[in-house]
Structures are given as C-alpha cells and as structure tokens.
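**Q** protein-v9.txt (compact mmCIF, C-alpha atoms and all ligand atoms) pasted underneath:
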```txt
# COMPACT_ATOMS: atom_id res chain seq x y z
CA MET J 1 33.04 -26.81 130.75
CA LYS J 2 31.53 -27.67 127.35
CA ALA J 3 34.25 -28.50 124.81
CA LYS J 4 34.54 -25.91 122.04
CA ASN J 5 34.43 -27.13 118.44
CA CYS J 6 37.32 -26.21 116.16
CA LEU J 7 36.92 -26.61 112.43
CA ILE J 8 40.38 -27.11 110.91
CA PHE J 9 41.32 -26.92 107.24
CA GLY J 10 44.77 -28.32 106.37
CA GLY J 11 44.98 -30.28 109.63
CA SER J 12 46.95 -33.15 108.10
CA GLY J 13 50.05 -30.98 107.55
CA GLN J 14 53.04 -30.29 109.78
CA ILE J 15 51.40 -27.50 111.80
CA GLY J 16 47.96 -29.11 111.79
CA ARG J 17 49.05 -32.40 113.34
CA ASN J 18 50.90 -30.65 116.14
CA LEU J 19 47.96 -28.32 116.75
CA ILE J 20 45.38 -31.12 116.87
CA ARG J 21 47.36 -32.80 119.69
CA LYS J 22 47.49 -29.54 121.66
CA LEU J 23 43.83 -28.66 121.20
CA THR J 24 42.36 -32.08 121.95
CA LYS J 25 44.54 -32.52 125.07
CA ASN J 26 43.03 -29.25 126.29
CA ASN J 27 39.39 -30.27 125.87
CA TYR J 28 38.76 -28.82 122.42
CA LYS J 29 36.91 -30.98 119.89
CA VAL J 30 38.23 -30.80 116.35
CA THR J 31 36.76 -31.47 112.93
CA VAL J 32 39.46 -31.83 110.30
CA VAL J 33 38.69 -31.39 106.61
CA THR J 34 40.91 -33.32 104.19
CA ARG J 35 40.87 -34.05 100.48
CA ASN J 36 41.71 -37.71 100.96
CA ILE J 37 40.36 -39.49 104.01
CA HIS J 38 41.89 -42.85 103.05
CA GLN J 39 45.39 -41.47 102.75
CA LYS J 40 45.28 -39.02 105.65
CA SER J 41 42.87 -40.34 108.30
CA TYR J 42 45.42 -42.66 109.93
CA THR J 43 47.83 -39.78 110.52
CA ILE J 44 45.10 -37.41 111.63
CA LYS J 45 43.22 -39.86 113.87
CA THR J 46 46.28 -40.88 115.85
CA GLN J 47 46.83 -37.27 116.98
CA ALA J 48 43.82 -37.28 119.33
CA ASN J 49 41.80 -39.39 121.75
CA ALA J 50 38.64 -41.00 120.38
CA GLY J 51 35.65 -38.73 120.75
CA TYR J 52 37.68 -35.58 120.27
CA ILE J 53 38.19 -35.77 116.53
CA ASP J 54 36.06 -36.00 113.41
CA ILE J 55 37.46 -36.24 109.91
CA VAL J 56 35.51 -35.06 106.89
CA GLU J 57 36.53 -35.63 103.28
CA ALA J 58 35.66 -32.68 101.07
CA ASN J 59 36.69 -30.59 98.14
CA ILE J 60 37.34 -27.28 99.89
CA PHE J 61 35.39 -25.42 97.18
CA ASP J 62 32.27 -27.55 97.70
CA GLU J 63 30.50 -24.77 99.58
CA VAL J 64 27.33 -26.80 100.26
CA LYS J 65 29.35 -29.44 102.14
CA ILE J 66 31.65 -26.96 103.87
CA ARG J 67 28.75 -24.74 104.94
CA LYS J 68 27.19 -27.61 106.94
CA LEU J 69 30.35 -27.89 109.04
CA PHE J 70 30.08 -24.27 110.15
CA ALA J 71 26.74 -24.86 111.83
CA ASN J 72 28.41 -26.61 114.80
CA ALA J 73 31.74 -24.76 114.87
CA ASP J 74 32.92 -22.17 117.42
CA ILE J 75 36.37 -21.58 115.92
CA CYS J 76 37.74 -21.96 112.38
CA ILE J 77 41.45 -22.42 111.64
CA ASN J 78 42.84 -22.30 108.11
CA LEU J 79 46.19 -24.03 107.63
CA ILE J 80 45.91 -24.71 103.91
CA GLY J 81 48.80 -23.45 101.84
CA ILE J 82 50.86 -24.48 98.82
CA LEU J 83 54.44 -23.75 97.78
CA TYR J 84 53.93 -24.32 94.06
CA GLU J 85 50.97 -24.38 91.70
CA GLN J 86 49.36 -27.39 90.01
CA LYS J 87 47.18 -25.52 87.56
CA ARG J 88 45.54 -28.58 86.01
CA ARG J 89 43.95 -29.44 89.36
CA GLY J 90 42.92 -25.88 90.18
CA SER J 91 45.57 -25.75 92.86
CA THR J 92 46.64 -22.21 92.03
CA PHE J 93 47.97 -19.56 94.42
CA ASN J 94 44.89 -17.46 93.72
CA ASN J 95 42.40 -20.26 94.50
CA ILE J 96 44.17 -21.59 97.61
CA HIS J 97 45.62 -18.43 99.18
CA SER J 98 43.20 -15.70 98.07
CA LEU J 99 39.79 -17.14 97.12
CA PHE J 100 39.42 -19.94 99.69
CA PRO J 101 40.29 -17.79 102.77
CA SER J 102 37.75 -15.21 101.61
CA ILE J 103 35.03 -17.91 101.43
CA LEU J 104 35.96 -19.04 104.96
CA ALA J 105 35.86 -15.48 106.28
CA LYS J 106 32.35 -14.94 104.83
CA LEU J 107 31.12 -18.18 106.43
CA CYS J 108 32.73 -17.27 109.78
CA LYS J 109 30.81 -14.00 109.74
CA GLU J 110 27.55 -15.58 108.63
CA TYR J 111 27.68 -18.30 111.31
CA LYS J 112 28.97 -15.84 113.96
CA LEU J 113 32.07 -17.84 114.89
CA LYS J 114 34.05 -16.60 117.90
CA ASN J 115 37.42 -16.88 116.18
CA PHE J 116 38.87 -17.29 112.71
CA ILE J 117 42.60 -17.95 112.65
CA HIS J 118 44.36 -17.89 109.32
CA ILE J 119 48.00 -18.80 108.79
CA SER J 120 49.62 -16.53 106.28
CA ALA J 121 53.40 -16.01 105.90
CA LEU J 122 56.08 -13.53 106.95
CA GLY J 123 57.67 -11.11 104.49
CA ILE J 124 54.77 -10.99 102.01
CA ASN J 125 54.51 -7.18 101.95
CA GLU J 126 58.08 -6.90 100.74
CA ALA J 127 58.17 -9.77 98.18
CA SER J 128 56.03 -7.95 95.64
CA ASP J 129 57.41 -9.89 92.63
CA SER J 130 56.47 -13.31 94.04
CA SER J 131 53.08 -14.80 93.07
CA TYR J 132 53.06 -16.79 96.33
CA ALA J 133 53.48 -13.63 98.41
CA LYS J 134 51.01 -11.60 96.36
CA SER J 135 48.34 -14.29 96.71
CA LYS J 136 48.88 -14.60 100.48
CA LEU J 137 48.61 -10.82 100.84
CA LYS J 138 45.43 -10.72 98.74
CA GLY J 139 44.03 -13.53 100.94
CA GLU J 140 44.67 -11.44 104.07
CA THR J 141 42.94 -8.40 102.53
CA ASN J 142 39.96 -10.53 101.47
CA ILE J 143 39.66 -11.97 104.98
CA LEU J 144 39.77 -8.64 106.78
CA LYS J 145 37.23 -7.20 104.31
CA ASN J 146 34.81 -10.04 105.08
CA TYR J 147 35.44 -10.69 108.79
CA SER J 148 37.20 -7.96 110.70
CA LEU J 149 37.60 -10.11 113.86
CA ALA J 150 39.94 -12.59 112.13
CA THR J 151 43.44 -13.18 113.47
CA ILE J 152 46.13 -13.60 110.85
CA LEU J 153 49.40 -15.21 111.91
CA ARG J 154 52.48 -14.67 109.76
CA PRO J 155 55.15 -17.24 110.66
CA SER J 156 58.74 -17.25 109.50
CA VAL J 157 59.98 -20.66 108.35
CA VAL J 158 58.58 -23.42 110.60
CA PHE J 159 60.77 -26.38 111.59
CA SER J 160 60.26 -29.72 113.33
CA VAL J 161 60.89 -33.39 112.74
CA ASP J 162 57.82 -33.33 110.44
CA ASP J 163 58.88 -30.37 108.31
CA ASN J 164 59.80 -30.11 104.62
CA PHE J 165 62.60 -27.71 105.46
CA THR J 166 65.35 -29.04 107.75
CA THR J 167 64.59 -32.65 106.79
CA ASN J 168 64.84 -31.95 103.04
CA PHE J 169 68.01 -29.91 103.45
CA MET J 170 69.65 -32.61 105.57
CA THR J 171 68.80 -35.17 102.87
CA LEU J 172 70.30 -32.96 100.16
CA LEU J 173 73.36 -32.04 102.23
CA LYS J 174 73.96 -35.71 102.95
CA ARG J 175 73.80 -36.64 99.25
CA LEU J 176 75.40 -33.71 97.42
CA PRO J 177 79.15 -33.06 97.70
CA ILE J 178 78.69 -29.51 96.38
CA PHE J 179 75.70 -27.48 97.51
CA PRO J 180 74.36 -24.52 95.47
CA ILE J 181 73.43 -21.41 97.44
CA TYR J 182 71.39 -18.49 96.22
CA TYR J 183 71.95 -14.76 96.92
CA SER J 184 75.26 -15.82 98.57
CA GLY J 185 73.21 -17.41 101.37
CA LYS J 186 72.63 -13.97 102.94
CA THR J 187 68.81 -14.07 103.20
CA LYS J 188 67.82 -13.91 106.86
CA PHE J 189 65.21 -16.03 108.63
CA MET J 190 63.84 -16.29 112.16
CA PRO J 191 62.97 -20.02 112.23
CA ILE J 192 60.19 -20.91 114.65
CA HIS J 193 59.67 -24.38 116.06
CA CYS J 194 56.31 -25.92 115.11
CA SER J 195 55.37 -26.44 118.76
CA ASP J 196 56.11 -22.77 119.57
CA LEU J 197 53.83 -21.76 116.70
CA THR J 198 50.99 -24.01 117.86
CA ASP J 199 51.43 -22.58 121.40
CA ILE J 200 50.74 -19.17 119.83
CA ILE J 201 47.64 -20.47 118.00
CA PHE J 202 46.43 -22.10 121.23
CA HIS J 203 47.03 -18.86 123.17
CA VAL J 204 45.08 -16.82 120.60
CA ILE J 205 42.15 -19.23 120.86
CA SER J 206 42.13 -19.79 124.62
CA LYS J 207 42.70 -16.16 125.59
CA ASN J 208 40.50 -14.86 122.78
CA ILE J 209 43.22 -12.53 121.47
CA LEU J 210 41.84 -10.22 118.81
CA SER J 211 44.66 -8.69 116.80
CA ASN J 212 44.47 -8.60 113.05
CA ILE J 213 48.07 -9.46 112.13
CA ILE J 214 50.70 -11.11 114.34
CA GLU J 215 54.22 -11.91 113.12
CA CYS J 216 55.41 -15.23 114.55
CA VAL J 217 59.17 -15.55 114.85
CA GLY J 218 61.71 -17.73 116.60
CA PRO J 219 64.34 -16.46 119.05
CA GLU J 220 67.27 -16.28 116.57
CA GLU J 221 68.00 -14.45 113.33
CA LEU J 222 69.95 -16.77 111.02
CA SER J 223 71.09 -16.38 107.44
CA PHE J 224 70.40 -19.16 104.94
CA LYS J 225 74.11 -20.01 104.96
CA GLU J 226 74.21 -20.14 108.78
CA ILE J 227 71.24 -22.53 108.77
CA LEU J 228 73.02 -24.82 106.29
CA GLU J 229 76.26 -24.64 108.31
CA LYS J 230 74.40 -25.63 111.48
CA LEU J 231 72.74 -28.56 109.68
CA LEU J 232 76.12 -29.72 108.35
CA ILE J 233 77.64 -29.72 111.86
CA LEU J 234 74.62 -31.60 113.18
CA ILE J 235 74.90 -34.38 110.58
CA SER J 236 78.74 -34.38 110.79
CA LYS J 237 79.34 -33.59 107.11
CA LYS J 238 81.63 -31.18 105.30
CA ARG J 239 80.35 -29.73 102.03
CA ILE J 240 81.41 -27.05 99.55
CA PHE J 241 78.93 -24.22 99.10
CA LEU J 242 78.68 -22.97 95.54
CA PRO J 243 77.18 -19.46 95.29
CA LEU J 244 75.16 -19.57 92.04
CA PRO J 245 75.08 -16.41 89.88
CA LEU J 246 71.47 -15.26 89.49
CA PRO J 247 70.99 -16.11 85.76
CA LEU J 248 72.24 -19.64 86.46
CA ALA J 249 70.00 -19.86 89.54
CA TYR J 250 66.99 -19.02 87.35
CA VAL J 251 67.94 -21.68 84.79
CA SER J 252 68.24 -24.29 87.55
CA ALA J 253 64.89 -23.25 89.09
CA ARG J 254 63.21 -23.51 85.66
CA PHE J 255 64.57 -27.03 85.39
CA PHE J 256 63.63 -28.03 88.95
CA GLN J 257 60.07 -26.77 88.63
CA LEU J 258 59.40 -29.35 85.91
CA MET J 259 59.54 -32.06 88.60
CA PRO J 260 56.27 -33.31 90.14
CA LYS J 261 57.45 -32.09 93.58
CA PRO J 262 59.86 -29.29 92.63
CA LEU J 263 62.96 -28.75 94.77
CA LEU J 264 62.88 -25.08 93.79
CA THR J 265 60.65 -22.96 91.56
CA VAL J 266 61.28 -19.60 89.93
CA ASP J 267 58.73 -18.08 92.29
CA GLN J 268 60.49 -19.50 95.36
CA LEU J 269 63.77 -18.13 94.04
CA LYS J 270 62.18 -14.66 93.87
CA LEU J 271 60.86 -15.08 97.42
CA LEU J 272 64.29 -16.13 98.68
CA LYS J 273 65.63 -12.69 97.75
CA TYR J 274 63.77 -11.09 100.69
CA ASP J 275 64.63 -11.40 104.37
CA ASN J 276 62.07 -13.40 106.34
CA ILE J 277 62.31 -11.58 109.65
CA LYS J 278 60.01 -9.44 111.84
CA THR J 279 59.28 -6.06 110.28
CA GLY J 280 58.56 -3.94 113.35
CA LYS J 281 55.29 -2.83 111.71
CA TYR J 282 53.07 -5.44 113.36
CA LYS J 283 52.73 -7.11 116.77
CA THR J 284 54.85 -10.21 117.26
CA ASN J 285 54.24 -13.34 119.32
CA SER J 286 56.39 -11.77 122.07
CA ASP J 287 54.08 -8.75 122.16
CA ILE J 288 51.11 -11.02 122.92
CA GLY J 289 53.05 -12.76 125.70
CA ILE J 290 54.17 -15.94 123.87
CA PRO J 291 57.85 -15.56 122.94
CA SER J 292 59.28 -18.50 121.05
CA THR J 293 61.97 -20.22 123.13
CA ARG J 294 63.11 -23.25 121.19
CA ILE J 295 66.62 -22.82 119.75
CA PHE J 296 67.11 -24.10 116.19
CA GLU J 297 70.27 -26.13 116.80
CA GLU J 298 69.06 -27.70 120.06
CA GLU J 299 65.79 -28.86 118.52
CA VAL J 300 67.23 -30.19 115.26
CA LYS J 301 69.83 -32.06 117.33
CA LYS J 302 66.96 -34.21 118.67
CA TYR J 303 66.15 -35.68 115.24
CA CYS J 304 69.19 -35.06 112.99
CA PHE J 305 70.63 -38.50 113.84
CA MET J 306 68.42 -39.96 111.09
CA TRP J 307 70.72 -38.25 108.57
CA LYS J 308 74.00 -39.26 110.26
CA GLU J 309 76.12 -42.28 109.51
CA GLY J 310 74.95 -44.98 111.93
CA GLY J 311 71.47 -43.47 112.34
CA GLN J 312 70.13 -43.75 115.90
CA PHE J 313 73.26 -45.66 116.95
CA SER J 314 75.32 -42.51 116.29
CA THR J 315 73.75 -40.80 119.31
CA GLU J 316 75.41 -40.46 122.75
CA LYS J 317 72.94 -42.99 124.16
CA TYR J 318 74.68 -45.72 122.17
CA ASP J 319 78.27 -44.46 122.61
CA VAL J 320 80.08 -47.65 123.73
CA ASN J 321 83.18 -45.74 124.91
CA LYS J 322 81.05 -43.60 127.17
CA LEU J 323 79.12 -46.59 128.56
CA THR J 324 82.19 -48.73 129.29
CA LYS J 325 83.97 -45.86 131.08
CA ASN J 326 81.39 -45.94 133.92
N1 LIG J 401 55.85 -24.67 107.09
C1 LIG J 401 56.36 -23.45 107.00
O1 LIG J 401 57.57 -23.24 107.09
C2 LIG J 401 55.42 -22.27 106.83
C3 LIG J 401 55.95 -20.97 106.89
C4 LIG J 401 55.10 -19.88 106.71
C5 LIG J 401 53.74 -20.09 106.49
N2 LIG J 401 53.25 -21.37 106.45
C6 LIG J 401 51.81 -21.56 106.20
O2 LIG J 401 51.24 -22.32 107.25
C7 LIG J 401 50.17 -23.12 106.74
C8 LIG J 401 50.38 -24.57 107.17
O3 LIG J 401 51.67 -24.99 106.81
P1 LIG J 401 52.16 -26.52 106.90
O4 LIG J 401 53.63 -26.50 106.86
O5 LIG J 401 51.44 -27.23 108.01
O6 LIG J 401 51.61 -27.03 105.49
P2 LIG J 401 51.62 -28.53 104.91
O7 LIG J 401 52.31 -29.46 105.82
O8 LIG J 401 52.09 -28.41 103.50
O9 LIG J 401 50.07 -28.85 104.93
C9 LIG J 401 49.16 -28.09 104.19
C10 LIG J 401 47.79 -28.73 104.19
O10 LIG J 401 47.05 -28.08 103.18
C11 LIG J 401 46.19 -29.01 102.53
N3 LIG J 401 46.29 -28.73 101.08
C12 LIG J 401 47.41 -28.63 100.33
N4 LIG J 401 47.09 -28.36 99.05
C13 LIG J 401 45.73 -28.31 99.01
C14 LIG J 401 44.79 -28.10 97.96
N5 LIG J 401 45.18 -27.91 96.70
N6 LIG J 401 43.47 -28.13 98.27
C15 LIG J 401 43.08 -28.36 99.53
N7 LIG J 401 43.91 -28.58 100.56
C16 LIG J 401 45.21 -28.54 100.29
C17 LIG J 401 46.70 -30.41 102.82
O11 LIG J 401 45.61 -31.12 103.40
P3 LIG J 401 45.02 -32.51 102.81
O12 LIG J 401 46.10 -33.15 101.98
O13 LIG J 401 44.68 -33.31 104.04
O14 LIG J 401 43.81 -32.14 102.04
C18 LIG J 401 47.81 -30.21 103.84
O15 LIG J 401 47.57 -30.91 105.01
C19 LIG J 401 50.17 -22.90 105.22
O16 LIG J 401 49.22 -21.94 104.89
C20 LIG J 401 51.55 -22.37 104.93
O17 LIG J 401 51.58 -21.52 103.78
C21 LIG J 401 54.05 -22.46 106.62
```
Write out the structure in this file as structure tokens.
Ligand SMILES: NC(=O)c1ccc[n+]([C@@H]2O[C@H](COP(=O)([O-])OP(=O)(O)OC[C@H]3O[C@@H](n4cnc5c(N)ncnc54)[C@H](OP(=O)(O)O)[C@@H]3O)[C@@H](O)[C@H]2O)c1
**A**
Amino acid sequence: MKAKNCLIFGGSGQIGRNLIRKLTKNNYKVTVVTRNIHQKSYTIKTQANAGYIDIVEANIFDEVKIRKLFANADICINLIGILYEQKRRGSTFNNIHSLFPSILAKLCKEYKLKNFIHISALGINEASDSSYAKSKLKGETNILKNYSLATILRPSVVFSVDDNFTTNFMTLLKRLPIFPIYYSGKTKFMPIHCSDLTDIIFHVISKNILSNIIECVGPEELSFKEILEKLLILISKKRIFLPLPLPLAYVSARFFQLMPKPLLTVDQLKLLKYDNIKTGKYKTNSDIGIPSTRIFEEEVKKYCFMWKEGGQFSTEKYDVNKLTKN
C-alpha cells in the first residue's frame, strides 16, 4: 500500500511528537513544519525512522511556502496552539487560533485533501469571557465555513511525561510550602493521556471518520484540587492549599503574566472558572469507538519519581529492603 502523506503543523509539541511516532510506525509519511529547524529538528527527527519524515522550516503565514507543501499532502493536521499572547511577534490568539486554521482549511479544500484534523479545546463554548476560548471558537467556525469535511477534536487537559501540566505542577508543589488554589479548586477536568488522544487522531485518519466536532476526554472526572492532591501523594509531599479570593487571584495573575513564560495569565484565570468536561452536545471519543482508558494516577506514577526525593532510586525497583527480603 502506498504510504499516505501527512502534513503536520505544530509537530514538535507534546501531542505532535507522540503522533509522529504512531503515524510513521503505521506506514504514514509525515512532513513537519516548524519555525526553528535548528532547535527542533533533533527532537522531531528522532520520533521516526529515516525516510518517513521530512522537516520544513517556515513562517506559518508564508502562504507561498506553505502552499507548495499541500501539493503532495493527503492529510493535514493542525496542532499549533498558544496559551498566552506575544503581541510583538504577531503571536496573538486571533492570528494563531482563528486566522491560521482558516488559511489551512482553504488550502485543504483547494488541494482536495482527504482529511483535515484540527485540535481545538474543550469548554470553549462556555468560556465566553476568555480571549483564548473565543479565538479557538472563531477558528472552528472559520474552518467549517471553508472546508466542511474537517474534523475538529476538542481535548480536555492532556497529560504525559512531556506535558506542561503535571510536570509543572509537580515542580511547583515540590518547591512551594503553600500552594494557591483558584475557585476553591472546584473546576472539573477530564484529563486525557497524550497517547489516548493520538490514538483518537490515528483512528480518525485511518478509518476516515467524518464528524465535525468530537470532544476528547479521559475516563475520570477530577476537580483541580483532586488533581493536586493526587500529585502530592505521588511525589510524597504534604502541602497547604491556600484558596485565593478572586480579587487577589487577579492581582497575582497580572503579576505572573509579566514573566516571559507566565505561570498564569488573567485570561487563563478566566478560563479556569469553567468546567473542562464533556458537554453532552457533541460526539465524544467513546462515541466513535475509542474510549480513553489510561487512568491519571497510574500513568503519572510512571514518571513522578523525577520529582521525588531520591529521584529514580525512590522507585520500588531500587527498594533495598524489598530486594534483600527475597
Ligand atoms: N496540551 C493540552 O493540555 C491541550 C489541551 C487542549 C487543547 N490543546 C491544543 O492541542 C494543540 C497541541 O497542543 P500541545 O500541547 O502539543 O502544544 P505544544 O506542546 O505547546 O506545541 C505547540 C506547537 O505549536 C507551535 N507553535 C507555538 N507557537 C507558535 C507560533 N506563534 N507560530 C507558529 N507555531 C507555533 C510550536 O511549533 P514550533 O516551535 O516547532 O514552530 C509547537 O510545537 C494546541 O492547539 C493546543 O491548544 C492542548
């Protein structure tokens, strides 16, 4: 069978790297577009066997360069997303989440691609006061206006050893004796493991699933506080949670967002107010036959040792008492 060509934008990120491994193992050829080939090619290249991967450096708004890549593509996957804006560089929510997906959708239609898969986010209909959510929603509308065959996946929070979620929280929980929580930690999530999400993407591609919007959720519903409590148990720490009153939370977010890589922005604080769980209004990954099975605690247990005293030597494998008993 002739290998299909997948054109991937944002392939150097958490989801992209996992997806490249899955696609190339299954006889798909991938072309990954990155802004910085020198910085990212090592990470991208090592995800696939030689001959299955091409890396192209491009500004994603350089339509002449991007257009050429569509000539040989069968499938386009957009994984580009940002959590905060860097206006000076044009990295705004509108450009990245609304304008760019609409350009891709137009090109997919023009070049008659079989599939266009776009990763959006869960809970964006509800979070109407968040610029992130509004721009993601506008991106979805733009896509469906330009290419009605697109599949839009809306994941809840995605976790894995490569994430910016559990790993950042374990770092903070390890360092801070008192941990601020927002909205009393009641916001609910359905965390999905990165590999479960890429199984869904692979299923959509290989089975040619055509369904405009699919909500992608993990098997458990956990509040923000429950997630933090699980992480604390996993790294064997005890911490005091400090529920921050909203005005104080806004002041802290305004301060944090001055940092080059902000821990929290005002917009993220607004987003955190809304539950990030399936809505019942759209199909879910279970409805298309790919339920997510990986349990949060069991998966994080596999890599949390890096945040424990003793590092890898804190694991059962190196438990001297256990070894000498036998
Ligand atoms: N991770 C989650 O919990 C989660 C939850 C819901 C939705 N999503 C969505 O899923 C998608 C993928 O997430 P991820 O976690 O894999 O993201 P990620 O690790 O942050 O990677 C995003 C990729 O986007 C590219 N990118 C970032 N800013 C860019 C810019 N200004 N111009 C061009 N390219 C840019 C980067 O590629 P280069 O640096 O190589 O150019 C990067 O590899 C995103 O759309 C995200 O919003 C993620």
**Q** Pick from J:Asp74, J:Asp162, J:Glu140, J:Glu63: nearest to ligand LIG 401 (chain J), with all atoms listed in the file counted?
**A** J:Asp162
**Q** Output the neighbourhood of ligand LIG 401 (chain J) as a ChimeraX atom specification, that is, all protein and nucleic acid residues with some atom at most 8 Å from the ligand, counting all atoms listed in the file.
**A** /J:9-17,33-37,40,59-60,78-83,86,89-92,96-97,118-122,154-159,163-165
**Q** Residues within 12 Å of Leu19 in chain J, please, as a PyMOL selection string. Count all atoms listed in the file; anything in the same chain fewer than 2 positions from it doesn't count.
**A** chain J and resi 6-17+21-26+28-30+32+44+47-48+77-79+194-203+205
**Q** Could you write out that same residue set with C-alpha atoms as an mmCIF file, in the frame of the given file?
**A**
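Wrote it out as part17.cif, contents follow:
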```
data_model
loop_
_atom_site.group_PDB
_atom_site.id
_atom_site.type_symbol
_atom_site.label_atom_id
_atom_site.label_comp_id
_atom_site.auth_asym_id
_atom_site.auth_seq_id
_atom_site.Cartn_x
_atom_site.Cartn_y
_atom_site.Cartn_z
ATOM 1 C CA CYS J 6 37.320 -26.210 116.160
ATOM 2 C CA LEU J 7 36.920 -26.610 112.430
ATOM 3 C CA ILE J 8 40.380 -27.110 110.910
ATOM 4 C CA PHE J 9 41.320 -26.920 107.240
ATOM 5 C CA GLY J 10 44.770 -28.320 106.370
ATOM 6 C CA GLY J 11 44.980 -30.280 109.630
ATOM 7 C CA SER J 12 46.950 -33.150 108.100
ATOM 8 C CA GLY J 13 50.050 -30.980 107.550
ATOM 9 C CA GLN J 14 53.040 -30.290 109.780
ATOM 10 C CA ILE J 15 51.400 -27.500 111.800
ATOM 11 C CA GLY J 16 47.960 -29.110 111.790
ATOM 12 C CA ARG J 17 49.050 -32.400 113.340
ATOM 13 C CA ARG J 21 47.360 -32.800 119.690
ATOM 14 C CA LYS J 22 47.490 -29.540 121.660
ATOM 15 C CA LEU J 23 43.830 -28.660 121.200
ATOM 16 C CA THR J 24 42.360 -32.080 121.950
ATOM 17 C CA LYS J 25 44.540 -32.520 125.070
ATOM 18 C CA ASN J 26 43.030 -29.250 126.290
ATOM 19 C CA TYR J 28 38.760 -28.820 122.420
ATOM 20 C CA LYS J 29 36.910 -30.980 119.890
ATOM 21 C CA VAL J 30 38.230 -30.800 116.350
ATOM 22 C CA VAL J 32 39.460 -31.830 110.300
ATOM 23 C CA ILE J 44 45.100 -37.410 111.630
ATOM 24 C CA GLN J 47 46.830 -37.270 116.980
ATOM 25 C CA ALA J 48 43.820 -37.280 119.330
ATOM 26 C CA ILE J 77 41.450 -22.420 111.640
ATOM 27 C CA ASN J 78 42.840 -22.300 108.110
ATOM 28 C CA LEU J 79 46.190 -24.030 107.630
ATOM 29 C CA CYS J 194 56.310 -25.920 115.110
ATOM 30 C CA SER J 195 55.370 -26.440 118.760
ATOM 31 C CA ASP J 196 56.110 -22.770 119.570
ATOM 32 C CA LEU J 197 53.830 -21.760 116.700
ATOM 33 C CA THR J 198 50.990 -24.010 117.860
ATOM 34 C CA ASP J 199 51.430 -22.580 121.400
ATOM 35 C CA ILE J 200 50.740 -19.170 119.830
ATOM 36 C CA ILE J 201 47.640 -20.470 118.000
ATOM 37 C CA PHE J 202 46.430 -22.100 121.230
ATOM 38 C CA HIS J 203 47.030 -18.860 123.170
ATOM 39 C CA ILE J 205 42.150 -19.230 120.860
#
```
**Q** Would you mind listing what lies within 12 Å of Lys301 in chain J as a ChimeraX atom specification, with only C-alpha atoms counted and same-chain residues fewer than 6 positions away left out?
**A** /J:160-161,166-167,170,230-236,294-295,307-308,312,314-316
**Q** Save the residues we just selected, C-alpha atoms, as a tab-separated table (two decimals), in the coordinates of the input?
**A**
```tsv
chain	number	residue	atom	x	y	z
J	160	SER	CA	60.26	-29.72	113.33
J	161	VAL	CA	60.89	-33.39	112.74
J	166	THR	CA	65.35	-29.04	107.75
J	167	THR	CA	64.59	-32.65	106.79
J	170	MET	CA	69.65	-32.61	105.57
J	230	LYS	CA	74.40	-25.63	111.48
J	231	LEU	CA	72.74	-28.56	109.68
J	232	LEU	CA	76.12	-29.72	108.35
J	233	ILE	CA	77.64	-29.72	111.86
J	234	LEU	CA	74.62	-31.60	113.18
J	235	ILE	CA	74.90	-34.38	110.58
J	236	SER	CA	78.74	-34.38	110.79
J	294	ARG	CA	63.11	-23.25	121.19
J	295	ILE	CA	66.62	-22.82	119.75
J	307	TRP	CA	70.72	-38.25	108.57
J	308	LYS	CA	74.00	-39.26	110.26
J	312	GLN	CA	70.13	-43.75	115.90
J	314	SER	CA	75.32	-42.51	116.29
J	315	THR	CA	73.75	-40.80	119.31
J	316	GLU	CA	75.41	-40.46	122.75
```
**Q** By how many Å are CA of Val217 in chain J and CA of Lys134 in chain J apart?
**A** 20.6 Å
**Q** Which residues are close to Thr265 in chain J, i.e. within 8 Å by only C-alpha atoms, leaving aside same-chain residues fewer than 2 positions away? Reply as a ChimeraX atom specification.
**A** /J:84,253-254,256-257,262-263,267-269
